[in-house]
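Data block for query_24.cif (mmCIF, C-alpha atoms and all ligand atoms):
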data_upload
loop_
_atom_site.group_PDB
_atom_site.id
_atom_site.type_symbol
_atom_site.label_atom_id
_atom_site.label_comp_id
_atom_site.auth_asym_id
_atom_site.auth_seq_id
_atom_site.Cartn_x
_atom_site.Cartn_y
_atom_site.Cartn_z
ATOM 1 C CA MET S 1159 -9.410 -14.965 2.472
ATOM 2 C CA THR S 1160 -9.100 -11.202 2.943
ATOM 3 C CA ARG S 1161 -7.469 -9.367 0.033
ATOM 4 C CA VAL S 1162 -5.680 -6.060 0.536
ATOM 5 C CA LEU S 1163 -4.428 -3.718 -2.219
ATOM 6 C CA PHE S 1164 -2.156 -0.721 -1.579
ATOM 7 C CA VAL S 1165 -2.274 2.047 -4.181
ATOM 8 C CA CYS S 1166 -0.077 5.069 -4.930
ATOM 9 C CA LEU S 1167 0.858 6.935 -8.116
ATOM 10 C CA GLY S 1168 3.861 5.069 -9.546
ATOM 11 C CA ASN S 1169 3.705 1.787 -7.569
ATOM 12 C CA ILE S 1170 7.467 1.962 -7.063
ATOM 13 C CA CYS S 1171 7.775 3.921 -3.778
ATOM 14 C CA ARG S 1172 4.908 4.194 -1.290
ATOM 15 C CA SER S 1173 2.537 1.342 -2.168
ATOM 16 C CA PRO S 1174 5.201 -1.390 -2.493
ATOM 17 C CA SER S 1175 6.626 -0.100 0.809
ATOM 18 C CA ALA S 1176 3.160 -0.371 2.371
ATOM 19 C CA GLU S 1177 2.791 -3.863 0.936
ATOM 20 C CA ALA S 1178 6.207 -4.881 2.312
ATOM 21 C CA VAL S 1179 5.479 -3.557 5.811
ATOM 22 C CA PHE S 1180 2.002 -5.087 5.933
ATOM 23 C CA ARG S 1181 3.028 -8.484 4.547
ATOM 24 C CA GLY S 1182 5.849 -8.503 7.112
ATOM 25 C CA LEU S 1183 3.221 -8.340 9.861
ATOM 26 C CA VAL S 1184 1.095 -10.951 8.087
ATOM 27 C CA ARG S 1185 4.100 -13.322 7.899
ATOM 28 C CA GLU S 1186 5.122 -12.666 11.520
ATOM 29 C CA ARG S 1187 1.703 -13.853 12.581
ATOM 30 C CA GLY S 1188 1.552 -16.799 10.164
ATOM 31 C CA LEU S 1189 -1.478 -15.358 8.367
ATOM 32 C CA GLU S 1190 -0.218 -15.790 4.783
ATOM 33 C CA ASP S 1191 -3.061 -18.238 4.031
ATOM 34 C CA THR S 1192 -5.670 -15.808 5.354
ATOM 35 C CA ILE S 1193 -4.569 -12.400 4.092
ATOM 36 C CA LEU S 1194 -3.402 -11.746 0.523
ATOM 37 C CA THR S 1195 -1.495 -8.544 -0.284
ATOM 38 C CA ASP S 1196 -0.757 -6.654 -3.501
ATOM 39 C CA SER S 1197 -0.013 -3.115 -4.658
ATOM 40 C CA ALA S 1198 -0.665 -1.040 -7.780
ATOM 41 C CA GLY S 1199 -0.287 2.464 -9.177
ATOM 42 C CA THR S 1200 -2.757 4.850 -10.772
ATOM 43 C CA GLY S 1201 -0.031 5.747 -13.308
ATOM 44 C CA ALA S 1202 1.579 3.368 -15.812
ATOM 45 C CA TRP S 1203 5.093 4.832 -16.228
ATOM 46 C CA HIS S 1204 6.854 2.159 -14.178
ATOM 47 C CA VAL S 1205 4.800 -0.947 -15.014
ATOM 48 C CA GLY S 1206 6.949 -4.083 -14.731
ATOM 49 C CA ASN S 1207 9.680 -2.357 -12.732
ATOM 50 C CA PRO S 1208 10.892 -3.325 -9.259
ATOM 51 C CA PRO S 1209 10.516 -0.762 -6.456
ATOM 52 C CA ASP S 1210 12.677 2.376 -6.612
ATOM 53 C CA GLU S 1211 16.238 1.598 -5.440
ATOM 54 C CA ARG S 1212 15.912 4.153 -2.646
ATOM 55 C CA ALA S 1213 12.758 2.453 -1.365
ATOM 56 C CA GLN S 1214 14.540 -0.906 -1.513
ATOM 57 C CA LEU S 1215 17.623 0.471 0.263
ATOM 58 C CA VAL S 1216 15.679 2.072 3.090
ATOM 59 C CA GLY S 1217 13.330 -0.928 3.178
ATOM 60 C CA ARG S 1218 16.273 -3.285 3.760
ATOM 61 C CA HIS S 1219 17.361 -1.166 6.725
ATOM 62 C CA TYR S 1220 13.888 -1.605 8.165
ATOM 63 C CA GLY S 1221 14.044 -5.369 7.517
ATOM 64 C CA TYR S 1222 11.975 -5.637 4.342
ATOM 65 C CA ASP S 1223 13.075 -7.338 1.132
ATOM 66 C CA MET S 1224 10.964 -5.801 -1.654
ATOM 67 C CA SER S 1225 13.005 -7.117 -4.579
ATOM 68 C CA ASP S 1226 10.282 -9.547 -5.723
ATOM 69 C CA LEU S 1227 7.686 -6.798 -6.210
ATOM 70 C CA ARG S 1228 6.845 -5.453 -9.696
ATOM 71 C CA ALA S 1229 4.802 -2.379 -10.545
ATOM 72 C CA ARG S 1230 1.421 -2.682 -12.183
ATOM 73 C CA LYS S 1231 -1.426 -0.322 -12.907
ATOM 74 C CA VAL S 1232 -4.606 -0.456 -10.874
ATOM 75 C CA GLU S 1233 -7.444 -2.087 -12.881
ATOM 76 C CA ASP S 1234 -11.223 -1.832 -12.752
ATOM 77 C CA THR S 1235 -11.260 -5.555 -11.933
ATOM 78 C CA ASP S 1236 -9.349 -4.868 -8.706
ATOM 79 C CA PHE S 1237 -12.639 -3.751 -7.186
ATOM 80 C CA ALA S 1238 -14.040 -7.246 -7.737
ATOM 81 C CA GLU S 1239 -11.002 -8.868 -6.139
ATOM 82 C CA PHE S 1240 -9.920 -6.758 -3.177
ATOM 83 C CA ASP S 1241 -11.753 -6.308 0.119
ATOM 84 C CA TYR S 1242 -9.548 -3.362 1.090
ATOM 85 C CA ILE S 1243 -8.117 -0.762 -1.281
ATOM 86 C CA LEU S 1244 -5.862 1.711 0.524
ATOM 87 C CA ALA S 1245 -4.794 4.991 -1.067
ATOM 88 C CA MET S 1246 -1.580 6.726 -0.048
ATOM 89 C CA ASP S 1247 -2.693 10.269 -0.904
ATOM 90 C CA ASN S 1248 -5.749 12.348 -1.820
ATOM 91 C CA SER S 1249 -5.048 12.232 -5.527
ATOM 92 C CA ASN S 1250 -4.829 8.415 -5.506
ATOM 93 C CA PHE S 1251 -8.034 8.334 -3.439
ATOM 94 C CA ARG S 1252 -9.951 10.556 -5.871
ATOM 95 C CA ASN S 1253 -8.782 8.471 -8.849
ATOM 96 C CA LEU S 1254 -9.896 5.282 -7.111
ATOM 97 C CA GLU S 1255 -13.248 6.836 -6.173
ATOM 98 C CA ARG S 1256 -13.844 7.559 -9.852
ATOM 99 C CA MET S 1257 -13.122 3.916 -10.724
ATOM 100 C CA ARG S 1258 -15.140 2.420 -7.864
ATOM 101 C CA PRO S 1259 -18.280 0.581 -9.024
ATOM 102 C CA SER S 1260 -21.364 1.706 -7.085
ATOM 103 C CA ALA S 1261 -21.839 -1.885 -5.923
ATOM 104 C CA TYR S 1262 -18.357 -2.147 -4.407
ATOM 105 C CA ALA S 1263 -18.891 -3.699 -0.974
ATOM 106 C CA GLY S 1264 -15.295 -3.468 0.192
ATOM 107 C CA THR S 1265 -13.417 -0.665 1.911
ATOM 108 C CA LEU S 1266 -11.778 2.149 -0.038
ATOM 109 C CA ALA S 1267 -9.879 4.320 2.437
ATOM 110 C CA MET S 1268 -6.778 6.362 3.044
ATOM 111 C CA MET S 1269 -3.888 4.305 4.454
ATOM 112 C CA MET S 1270 -3.216 6.715 7.318
ATOM 113 C CA ASP S 1271 -6.828 6.407 8.549
ATOM 114 C CA PHE S 1272 -5.672 3.122 10.099
ATOM 115 C CA ALA S 1273 -3.053 4.939 12.162
ATOM 116 C CA GLY S 1274 -5.790 7.210 13.550
ATOM 117 C CA ARG S 1275 -4.545 10.019 11.305
ATOM 118 C CA ASN S 1276 -7.720 10.457 9.294
ATOM 119 C CA GLY S 1277 -7.290 11.890 5.837
ATOM 120 C CA GLU S 1278 -3.530 12.365 6.221
ATOM 121 C CA GLU S 1279 -1.386 11.680 3.155
ATOM 122 C CA VAL S 1280 1.766 9.564 2.910
ATOM 123 C CA PRO S 1281 3.967 12.169 1.177
ATOM 124 C CA ASP S 1282 5.375 11.257 -2.239
ATOM 125 C CA PRO S 1283 9.147 10.686 -1.748
ATOM 126 C CA TYR S 1284 9.986 10.333 -5.461
ATOM 127 C CA TYR S 1285 11.508 13.797 -5.859
ATOM 128 C CA GLY S 1286 12.992 13.728 -2.365
ATOM 129 C CA ASP S 1287 15.941 12.043 -0.684
ATOM 130 C CA LEU S 1288 16.495 9.000 1.521
ATOM 131 C CA SER S 1289 15.103 10.772 4.593
ATOM 132 C CA ASP S 1290 11.776 11.110 2.753
ATOM 133 C CA TYR S 1291 11.759 7.342 2.237
ATOM 134 C CA GLU S 1292 12.439 6.868 5.961
ATOM 135 C CA THR S 1293 9.464 9.120 6.700
ATOM 136 C CA VAL S 1294 7.328 6.876 4.484
ATOM 137 C CA PHE S 1295 8.338 3.712 6.374
ATOM 138 C CA ASP S 1296 7.922 5.446 9.757
ATOM 139 C CA MET S 1297 4.376 6.452 8.795
ATOM 140 C CA LEU S 1298 3.456 3.108 7.270
ATOM 141 C CA LYS S 1299 4.400 0.922 10.247
ATOM 142 C CA PRO S 1300 1.649 2.124 12.643
ATOM 143 C CA ALA S 1301 -0.858 2.303 9.773
ATOM 144 C CA ALA S 1302 -0.087 -1.311 8.778
ATOM 145 C CA GLU S 1303 -0.446 -2.407 12.414
ATOM 146 C CA GLY S 1304 -3.779 -0.595 12.713
ATOM 147 C CA LEU S 1305 -4.981 -2.092 9.448
ATOM 148 C CA LEU S 1306 -4.093 -5.638 10.525
ATOM 149 C CA ALA S 1307 -5.790 -5.141 13.906
ATOM 150 C CA HIS S 1308 -8.897 -3.872 12.102
ATOM 151 C CA ILE S 1309 -8.964 -6.830 9.687
ATOM 152 C CA LEU S 1310 -8.495 -9.348 12.513
ATOM 153 C CA ASP S 1311 -11.368 -7.672 14.419
ATOM 154 C CA GLU S 1312 -13.602 -7.877 11.357
ATOM 155 C CA MET S 1313 -12.752 -11.566 10.880
ATOM 156 C CA LYS S 1314 -14.025 -12.301 14.425
ATOM 157 C CA LYS S 1315 -17.462 -10.839 13.602
HETATM 158 P P1 LIG S 1401 4.984 6.460 -5.699
HETATM 159 O O1 LIG S 1401 6.066 7.567 -6.121
HETATM 160 O O2 LIG S 1401 3.649 6.966 -6.186
HETATM 161 O O3 LIG S 1401 5.057 6.441 -4.200
HETATM 162 O O4 LIG S 1401 5.400 5.166 -6.337
HETATM 163 C C1 LIG S 1401 6.186 8.024 -7.432
HETATM 164 C C2 LIG S 1401 6.895 7.287 -8.349
HETATM 165 C C3 LIG S 1401 7.049 7.753 -9.642
HETATM 166 C C4 LIG S 1401 6.474 8.961 -10.008
HETATM 167 C C5 LIG S 1401 5.750 9.690 -9.078
HETATM 168 C C6 LIG S 1401 5.604 9.220 -7.787
HETATM 169 N N1 LIG S 1401 6.642 9.456 -11.331
HETATM 170 O O5 LIG S 1401 6.170 10.564 -11.604
HETATM 171 O O6 LIG S 1401 7.249 8.773 -12.160
#

Just dump the structure as structure tokens.
Amino acid sequence: MTRVLFVCLGNICRSPSAEAVFRGLVRERGLEDTILTDSAGTGAWHVGNPPDERAQLVGRHYGYDMSDLRARKVEDTDFAEFDYILAMDNSNFRNLERMRPSAYAGTLAMMMDFAGRNGEEVPDPYYGDLSDYETVFDMLKPAAEGLLAHILDEMKK
């Protein structure tokens, strides 16, 4: 089993969107028993809440039902459970680096690295409008595809 965690600030916009896009690919390929997905936030303001209504609205247009997802805060124990921890922006990445145990053998990376856009951030849409949420989904699709291709490659080794 490969476990993948997507992380942003609030866990109501970018990381649940990333989870929805990636699990869509996992389901399309019938890999639900092989790849487990989750998402979390570095902040706790929205813990227990479903994704932002704008993320859900735009997500539905892209074919993703995110209504089952609930926000949670990233935990130290996540490093013992997840093989991949993907940050949406530099601030998330720095916070995760501070939490990372030195013995962590998994991959902590920026999400957009997997779209060949090394170090690029998925911009926070929270104070934006619906077009900013569309930008998020447009960026996440190729990154999710690249991530899945990478994981499938690693599983062959
Ligand atoms: P997210 O967006 O990190 O993509 O979930 C945000 C959601 C909420 C807040 C900031 C960003 N907030 O400040 O409450």

Take the PyMOL selection byres (((not hetatm)) within 8 of (chain S and resi 1401)), run it mentally on this structure, and tell me the resulting residues as a list in words.
Val1165, Cys1166, Leu1167, Gly1168, Asn1169, Ile1170, Cys1171, Arg1172, Ser1173, Pro1174, Gly1199, Gly1201, Trp1203, His1204, Pro1209, Asp1210, Met1246, Pro1281, Asp1282, Pro1283, Tyr1284 and Tyr1285 of chain S

Residue with smallest distance to S:Ser1289 - pool S:Arg1258, S:Lys1314, S:Arg1212, S:Arg1228, counting all atoms listed in the file:
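The shortest atom-to-atom distance to S:Ser1289 comes from S:Arg1212.
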
Counting only C-alpha atoms, the option among S:Leu1215, S:Glu1292, S:Ala1238, S:Thr1200 closest to S:Ala1263
S:Ala1238

Separation of atom CA of S:Leu1189 and atom CA of S:Met1313, in Å?
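According to the coordinates, atom CA of S:Leu1189 and atom CA of S:Met1313 are separated by 12.2 Å.
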
For the PyMOL selection byres (((chain S and resi 1264) around 6) and not hetatm), applied here, can you spell out every residue it catches as a PyMOL selection string?
chain S and resi 1241-1242+1262-1263+1265

Selected stretch 1192-1208 of chain S, written as a PDB file, in the first residue's frame, all heavy atoms:
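Wrote it out as out.pdb, contents follow:
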ATOM      1  N   THR S1192      -4.518  -0.177  -3.651  1.00  0.00           N
ATOM      2  CA  THR S1192      -3.055  -0.059  -3.697  1.00  0.00           C
ATOM      3  C   THR S1192      -2.573   1.304  -3.232  1.00  0.00           C
ATOM      4  O   THR S1192      -1.492   1.430  -2.669  1.00  0.00           O
ATOM      5  CB  THR S1192      -2.562  -0.261  -5.156  1.00  0.00           C
ATOM      6  OG1 THR S1192      -3.205  -1.411  -5.685  1.00  0.00           O
ATOM      7  CG2 THR S1192      -1.072  -0.428  -5.224  1.00  0.00           C
ATOM      8  N   ILE S1193      -3.391   2.333  -3.496  1.00  0.00           N
ATOM      9  CA  ILE S1193      -2.985   3.700  -3.169  1.00  0.00           C
ATOM     10  C   ILE S1193      -4.049   4.357  -2.303  1.00  0.00           C
ATOM     11  O   ILE S1193      -5.217   4.451  -2.697  1.00  0.00           O
ATOM     12  CB  ILE S1193      -2.746   4.534  -4.448  1.00  0.00           C
ATOM     13  CG1 ILE S1193      -1.662   3.879  -5.314  1.00  0.00           C
ATOM     14  CG2 ILE S1193      -2.358   5.967  -4.085  1.00  0.00           C
ATOM     15  CD1 ILE S1193      -1.418   4.586  -6.647  1.00  0.00           C
ATOM     16  N   LEU S1194      -3.642   4.770  -1.105  1.00  0.00           N
ATOM     17  CA  LEU S1194      -4.546   5.437  -0.156  1.00  0.00           C
ATOM     18  C   LEU S1194      -4.281   6.939  -0.198  1.00  0.00           C
ATOM     19  O   LEU S1194      -3.129   7.364  -0.265  1.00  0.00           O
ATOM     20  CB  LEU S1194      -4.279   4.869   1.241  1.00  0.00           C
ATOM     21  CG  LEU S1194      -5.089   5.382   2.423  1.00  0.00           C
ATOM     22  CD1 LEU S1194      -5.291   4.240   3.408  1.00  0.00           C
ATOM     23  CD2 LEU S1194      -4.376   6.546   3.119  1.00  0.00           C
ATOM     24  N   THR S1195      -5.345   7.734  -0.187  1.00  0.00           N
ATOM     25  CA  THR S1195      -5.180   9.196  -0.262  1.00  0.00           C
ATOM     26  C   THR S1195      -5.823   9.879   0.950  1.00  0.00           C
ATOM     27  O   THR S1195      -6.811   9.397   1.519  1.00  0.00           O
ATOM     28  CB  THR S1195      -5.835   9.767  -1.539  1.00  0.00           C
ATOM     29  OG1 THR S1195      -7.241   9.513  -1.498  1.00  0.00           O
ATOM     30  CG2 THR S1195      -5.256   9.129  -2.792  1.00  0.00           C
ATOM     31  N   ASP S1196      -5.231  11.029   1.318  1.00  0.00           N
ATOM     32  CA  ASP S1196      -5.799  11.842   2.398  1.00  0.00           C
ATOM     33  C   ASP S1196      -5.286  13.271   2.188  1.00  0.00           C
ATOM     34  O   ASP S1196      -4.400  13.510   1.358  1.00  0.00           O
ATOM     35  CB  ASP S1196      -5.355  11.288   3.759  1.00  0.00           C
ATOM     36  CG  ASP S1196      -6.211  11.815   4.920  1.00  0.00           C
ATOM     37  OD1 ASP S1196      -7.185  12.565   4.687  1.00  0.00           O
ATOM     38  OD2 ASP S1196      -5.878  11.488   6.081  1.00  0.00           O
ATOM     39  N   SER S1197      -5.861  14.214   2.951  1.00  0.00           N
ATOM     40  CA  SER S1197      -5.337  15.576   2.912  1.00  0.00           C
ATOM     41  C   SER S1197      -5.442  16.181   4.298  1.00  0.00           C
ATOM     42  O   SER S1197      -6.213  15.702   5.146  1.00  0.00           O
ATOM     43  CB  SER S1197      -6.072  16.423   1.870  1.00  0.00           C
ATOM     44  OG  SER S1197      -7.419  16.617   2.240  1.00  0.00           O
ATOM     45  N   ALA S1198      -4.662  17.237   4.532  1.00  0.00           N
ATOM     46  CA  ALA S1198      -4.618  17.888   5.847  1.00  0.00           C
ATOM     47  C   ALA S1198      -4.142  19.322   5.672  1.00  0.00           C
ATOM     48  O   ALA S1198      -3.614  19.687   4.615  1.00  0.00           O
ATOM     49  CB  ALA S1198      -3.677  17.124   6.785  1.00  0.00           C
ATOM     50  N   GLY S1199      -4.334  20.119   6.723  1.00  0.00           N
ATOM     51  CA  GLY S1199      -3.893  21.511   6.696  1.00  0.00           C
ATOM     52  C   GLY S1199      -2.891  21.785   7.794  1.00  0.00           C
ATOM     53  O   GLY S1199      -2.907  21.117   8.840  1.00  0.00           O
ATOM     54  N   THR S1200      -2.028  22.768   7.588  1.00  0.00           N
ATOM     55  CA  THR S1200      -1.097  23.159   8.645  1.00  0.00           C
ATOM     56  C   THR S1200      -1.802  24.051   9.672  1.00  0.00           C
ATOM     57  O   THR S1200      -1.341  24.196  10.792  1.00  0.00           O
ATOM     58  CB  THR S1200       0.138  23.892   8.081  1.00  0.00           C
ATOM     59  OG1 THR S1200      -0.299  25.059   7.389  1.00  0.00           O
ATOM     60  CG2 THR S1200       0.915  23.004   7.129  1.00  0.00           C
ATOM     61  N   GLY S1201      -2.935  24.636   9.295  1.00  0.00           N
ATOM     62  CA  GLY S1201      -3.735  25.451  10.211  1.00  0.00           C
ATOM     63  C   GLY S1201      -4.976  24.692  10.667  1.00  0.00           C
ATOM     64  O   GLY S1201      -5.410  23.747  10.000  1.00  0.00           O
ATOM     65  N   ALA S1202      -5.542  25.110  11.804  1.00  0.00           N
ATOM     66  CA  ALA S1202      -6.644  24.350  12.413  1.00  0.00           C
ATOM     67  C   ALA S1202      -8.006  25.040  12.320  1.00  0.00           C
ATOM     68  O   ALA S1202      -8.998  24.509  12.805  1.00  0.00           O
ATOM     69  CB  ALA S1202      -6.317  24.067  13.883  1.00  0.00           C
ATOM     70  N   TRP S1203      -8.076  26.207  11.650  1.00  0.00           N
ATOM     71  CA  TRP S1203      -9.310  26.999  11.676  1.00  0.00           C
ATOM     72  C   TRP S1203     -10.530  26.246  11.172  1.00  0.00           C
ATOM     73  O   TRP S1203     -11.638  26.493  11.593  1.00  0.00           O
ATOM     74  CB  TRP S1203      -9.175  28.269  10.831  1.00  0.00           C
ATOM     75  CG  TRP S1203      -7.953  29.052  11.088  1.00  0.00           C
ATOM     76  CD1 TRP S1203      -7.741  29.842  12.181  1.00  0.00           C
ATOM     77  CD2 TRP S1203      -6.779  29.118  10.279  1.00  0.00           C
ATOM     78  NE1 TRP S1203      -6.487  30.398  12.076  1.00  0.00           N
ATOM     79  CE2 TRP S1203      -5.892  29.979  10.926  1.00  0.00           C
ATOM     80  CE3 TRP S1203      -6.413  28.527   9.066  1.00  0.00           C
ATOM     81  CZ2 TRP S1203      -4.635  30.272  10.409  1.00  0.00           C
ATOM     82  CZ3 TRP S1203      -5.163  28.821   8.541  1.00  0.00           C
ATOM     83  CH2 TRP S1203      -4.289  29.676   9.213  1.00  0.00           C
ATOM     84  N   HIS S1204     -10.333  25.346  10.214  1.00  0.00           N
ATOM     85  CA  HIS S1204     -11.485  24.747   9.521  1.00  0.00           C
ATOM     86  C   HIS S1204     -11.657  23.266   9.827  1.00  0.00           C
ATOM     87  O   HIS S1204     -12.381  22.566   9.109  1.00  0.00           O
ATOM     88  CB  HIS S1204     -11.341  24.967   8.010  1.00  0.00           C
ATOM     89  CG  HIS S1204     -11.231  26.421   7.655  1.00  0.00           C
ATOM     90  ND1 HIS S1204     -12.320  27.256   7.614  1.00  0.00           N
ATOM     91  CD2 HIS S1204     -10.152  27.195   7.370  1.00  0.00           C
ATOM     92  CE1 HIS S1204     -11.924  28.472   7.303  1.00  0.00           C
ATOM     93  NE2 HIS S1204     -10.610  28.465   7.159  1.00  0.00           N
ATOM     94  N   VAL S1205     -10.996  22.790  10.893  1.00  0.00           N
ATOM     95  CA  VAL S1205     -11.037  21.363  11.227  1.00  0.00           C
ATOM     96  C   VAL S1205     -12.484  20.884  11.333  1.00  0.00           C
ATOM     97  O   VAL S1205     -13.317  21.524  11.975  1.00  0.00           O
ATOM     98  CB  VAL S1205     -10.263  21.095  12.545  1.00  0.00           C
ATOM     99  CG1 VAL S1205     -10.566  19.702  13.100  1.00  0.00           C
ATOM    100  CG2 VAL S1205      -8.760  21.255  12.321  1.00  0.00           C
ATOM    101  N   GLY S1206     -12.786  19.779  10.676  1.00  0.00           N
ATOM    102  CA  GLY S1206     -14.121  19.185  10.700  1.00  0.00           C
ATOM    103  C   GLY S1206     -15.042  19.676   9.599  1.00  0.00           C
ATOM    104  O   GLY S1206     -16.122  19.103   9.392  1.00  0.00           O
ATOM    105  N   ASN S1207     -14.601  20.729   8.893  1.00  0.00           N
ATOM    106  CA  ASN S1207     -15.463  21.305   7.847  1.00  0.00           C
ATOM    107  C   ASN S1207     -15.261  20.619   6.503  1.00  0.00           C
ATOM    108  O   ASN S1207     -14.167  20.152   6.189  1.00  0.00           O
ATOM    109  CB  ASN S1207     -15.157  22.793   7.667  1.00  0.00           C
ATOM    110  CG  ASN S1207     -15.559  23.616   8.869  1.00  0.00           C
ATOM    111  OD1 ASN S1207     -16.292  23.145   9.743  1.00  0.00           O
ATOM    112  ND2 ASN S1207     -15.062  24.832   8.941  1.00  0.00           N
ATOM    113  N   PRO S1208     -16.329  20.600   5.685  1.00  0.00           N
ATOM    114  CA  PRO S1208     -16.175  20.128   4.301  1.00  0.00           C
ATOM    115  C   PRO S1208     -15.394  21.163   3.489  1.00  0.00           C
ATOM    116  O   PRO S1208     -15.189  22.291   3.948  1.00  0.00           O
ATOM    117  CB  PRO S1208     -17.622  20.012   3.801  1.00  0.00           C
ATOM    118  CG  PRO S1208     -18.404  20.943   4.652  1.00  0.00           C
ATOM    119  CD  PRO S1208     -17.703  21.009   5.988  1.00  0.00           C
TER     120      PRO S1208
END
